[in-house]
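Here the structure is laid out as structure tokens; the discussion comes afterwards.
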Amino acid sequence: MGPLPKSRLVVSGLWTIVAAVSLLTSCETTLTDALPSPQQPEASAARVIVRDARNPLFIPATITNSSFGLTAAPGTATIGSGTTTSVWQYNGSFPGPTIVAKTGDNILATFQNKLPEPTIIHWHGMLVDPANDGQPHQVIRTGETYNYNFPVINRAALNWYHPHPHMTIGKQVYNGLAGAFIIRDAEEAALNLPTGKYEVPLVIRDISLDKSGNPVYSPTGGGYFGKTPLVNGTKDPYLDVDKTVYRFRVLIGSTSRVFKLKLSTTNLPTNKEIPFTLIGNDGGLLPSSSNQTQIEVCPGERLDVLVDFGSLDPSTKVMLQDVNAGWNLLEFRVTNTSASYSGALTVTSSIPTLSAPVAKRFFSFDGMSKINGKLYDMHRIDFMVPFGQTELWTFKTNGNGPHPVHIHGASFQVISRTGGRGRVFPWERGWKDVVLVNDFETVDVLIRFDAYKGVYVMHCHKLEHEDNGMMMNFEVK
Ligand code: C2O
Ligand code: CU
């Protein structure tokens, strides 16, 4: 028995210690040093399976045809180091395949439910009519099919798809049902941003696994926090990166956990922070890009960032970290392959600014289950909103946050946050569909429903709060 399995144990042990970042690094160096020399007999080399404490990052397959099928079913996934886990998947993939479409395409999707319980797909961030929105009352039973048919009217952005049944959304998303939905348009194409293997979706979440490697989900009203991070369903992932610019499409797919992302080199004498060039968020490109060293993002939020590995020495390791939990999320390993990049490094986009609201609405996120004192009733319409009119919506909470507030049917613009963190962050500019409301914060947004009329929902995207009833129906008319 070589030293490797033992070292692996040390790594897993350290993993539970918050802020073990630098220790982990030295541990990995030890692992590399401990690799068997090439002269060792093959028989013994073959027994050594764990050569590397980290696993190659899984990149889900893409669906580029606008007509496609999605099937939700139980299955198994390998999350790394030979660990097989029982999950729920779309098309046998964890996370689900990445759908790629263009503005103006017409999506024809046939959804089949092969789960042992009712479900429905919601296209988070997509502007679709209520019949295609996948709301709680639209769930289909085991064995049934739902046909979606809608035009893509959104601008370029990273959206996503996930289940939306009432009271079981947390469990279904946690079990693995989520995938990225990328939209492209001419404005984005003109920027020649990184593409192909240089554009990487990163679905970030947490999970707890039992001894046999299967997900454990035992939420309380206050939420659920997994003990291990996963990126694209991979535990302790790494990605080999060429010396060039990459575009990362980040989606926070956790049920409750808020991440504070940071990039740091881990094999230099001192950790050096590497900035993200933030170019976009939920609703696509931002009015202007900026460099950010830390970005705080909550369940449902998306980020579009460029990272330039071009000036780093080959074999430099750059760690994507979560400052909140003290987690190493994903290690980028710089190779000695250079690739030229001639696309944009800074981005501007002219985004129409909503202004002059003609009505105001106030929503208090109360406790762990109510909005304005009420639990969700899927058969009750809580309020009416006139079509095509700009309104000012205020979200406030006194506690039990974070409450990531999400609205279907329109994007909004965040205009102020008072209390708590007391400011609007650069990644909250432009168009949003989720905004984080922390304890004692009041957040004002401007919103205008000018795509479709009909019934939509607004809810807390901490999925356990949503399941508890922190959701409302409203009708645009
Ligand atoms: Cu991402 Cu109503 O949900
Ligand atoms: Cu909440």
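Chains: A, B, ... in order of the structure tokens. Residues: from 1 per chain. Ligands: from 1, in order shown.
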
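Look at A:Asp313: the protein and nucleic acid residues within 12 Å of it, using only C-alpha atoms and passing over chain neighbours fewer than 6 places away, are Val241, Asp242, Lys243, Thr244, Thr265, Asn267, Leu268, Arg333, Val334, Thr335, Asn336, Thr337 and Ser338 of chain A.
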
Once you count only C-alpha atoms and all ligand atoms, what closest atom pair and distance in Å to one decimal does each residue of chain A within 7 Å of ligand 1 have, with rows by chain and rising residue number, as a Markdown table?
```
| residue | atom | partner | partner_atom_place_in_ligand_line | distance |
| --- | --- | --- | --- | --- |
| A:His122 | CA | ligand 1 | 3 (O) | 6.7 |
| A:His124 | CA | ligand 1 | 1 (Cu) | 4.7 |
| A:His162 | CA | ligand 1 | 1 (Cu) | 6.6 |
| A:His164 | CA | ligand 1 | 2 (Cu) | 6.5 |
| A:Gly300 | CA | ligand 1 | 1 (Cu) | 5.6 |
| A:His406 | CA | ligand 1 | 2 (Cu) | 6.5 |
| A:Ile407 | CA | ligand 1 | 2 (Cu) | 6.9 |
| A:His408 | CA | ligand 1 | 2 (Cu) | 6.3 |
| A:Val457 | CA | ligand 1 | 2 (Cu) | 6.7 |
| A:Met458 | CA | ligand 1 | 2 (Cu) | 6.9 |
| A:His459 | CA | ligand 1 | 2 (Cu) | 6.4 |
| A:His461 | CA | ligand 1 | 3 (O) | 6.4 |
```

- Can you tell me which residues sit at most 12 Å away from ligand 2, counting only C-alpha atoms and all ligand atoms, written as a ChimeraX atom specification? /A:221-224,255-257,298-299,364-371,395-406,434-439,458-471

- With distances taken over only C-alpha atoms, the candidate from A:His137, A:Lys453, A:Lys102, A:Arg249 nearest A:Glu187 is A:Lys102

For A:Arg361, find every residue with an atom within 9 Å (counting only C-alpha atoms), except residues of its own chain fewer than 3 positions away, and show them as a tab-separated table (two decimals) with N, CA and C atoms, in the first residue's frame.
```tsv
chain	number	residue	atom	x	y	z
A	391	GLU	N	-43.18	49.95	-12.60
A	391	GLU	CA	-43.55	50.01	-11.18
A	391	GLU	C	-42.29	49.92	-10.31
A	392	LEU	N	-42.41	50.47	-9.11
A	392	LEU	CA	-41.33	50.36	-8.13
A	392	LEU	C	-41.74	49.32	-7.10
A	393	TRP	N	-40.96	48.25	-7.00
A	393	TRP	CA	-41.25	47.20	-6.03
A	393	TRP	C	-40.18	47.24	-4.94
A	394	THR	N	-40.64	47.21	-3.70
A	394	THR	CA	-39.73	47.23	-2.57
A	394	THR	C	-39.78	45.90	-1.82
A	395	PHE	N	-38.61	45.32	-1.61
A	395	PHE	CA	-38.51	44.07	-0.84
A	395	PHE	C	-37.79	44.37	0.46
```

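Straight-line separation from atom CA of A:Ser290 to atom CA of A:Val258: 21.6 Å.
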
- Message: DSSP on the backbone: which residues in stretch 300-460 of chain A end up as strand (DSSP E)? Give the answer as a PyMOL selection string.
- Response: chain A and resi 302-308+317-322+327-338+359-366+370-371+383-385+390-397+403-407+412-418+434-437+442-448+454-460

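Omitting A:Glu331 and its sequence neighbours fewer than 5 positions away, and counting only C-alpha atoms, the residues within 9 Å are Arg54, Asp236, Pro237, Tyr238, Leu239, Asp240, Lys317, Val318, Met319, Leu320 and Gln321 of chain A.
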
Residue selection dump (N, CA and C atoms) as a short mmCIF file (atom, residue, chain, number, x, y, z; two decimals), in the first residue's frame:
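Output file part-v6.cif is given in full below:
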```cif
data_model
loop_
_atom_site.label_atom_id
_atom_site.label_comp_id
_atom_site.auth_asym_id
_atom_site.auth_seq_id
_atom_site.Cartn_x
_atom_site.Cartn_y
_atom_site.Cartn_z
N ARG A 54 -7.65 15.77 -7.02
CA ARG A 54 -8.75 16.48 -7.68
C ARG A 54 -9.19 15.73 -8.94
N ASP A 236 -14.24 18.35 -5.87
CA ASP A 236 -12.83 18.74 -5.94
C ASP A 236 -12.33 18.82 -7.39
N PRO A 237 -12.98 19.60 -8.23
CA PRO A 237 -12.61 19.59 -9.65
C PRO A 237 -11.38 20.42 -10.00
N TYR A 238 -10.76 20.06 -11.13
CA TYR A 238 -9.74 20.92 -11.73
C TYR A 238 -10.02 21.05 -13.22
N LEU A 239 -9.50 22.11 -13.80
CA LEU A 239 -9.63 22.30 -15.24
C LEU A 239 -8.28 22.77 -15.76
N ASP A 240 -7.73 22.07 -16.75
CA ASP A 240 -6.51 22.52 -17.41
C ASP A 240 -6.87 23.70 -18.29
N LYS A 317 -1.22 27.32 -10.52
CA LYS A 317 -2.55 26.87 -10.16
C LYS A 317 -3.34 28.06 -9.65
N VAL A 318 -4.54 28.21 -10.18
CA VAL A 318 -5.40 29.30 -9.74
C VAL A 318 -6.64 28.66 -9.14
N MET A 319 -6.98 29.05 -7.93
CA MET A 319 -8.11 28.42 -7.26
C MET A 319 -9.31 29.36 -7.24
N LEU A 320 -10.44 28.85 -7.71
CA LEU A 320 -11.69 29.57 -7.51
C LEU A 320 -12.17 29.19 -6.11
N GLN A 321 -12.32 30.20 -5.27
CA GLN A 321 -12.64 29.95 -3.86
C GLN A 321 -13.97 30.57 -3.47
#
```

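From atom CA of A:Pro136 back to atom CA of A:Pro219, the distance works out to 20.1 Å.
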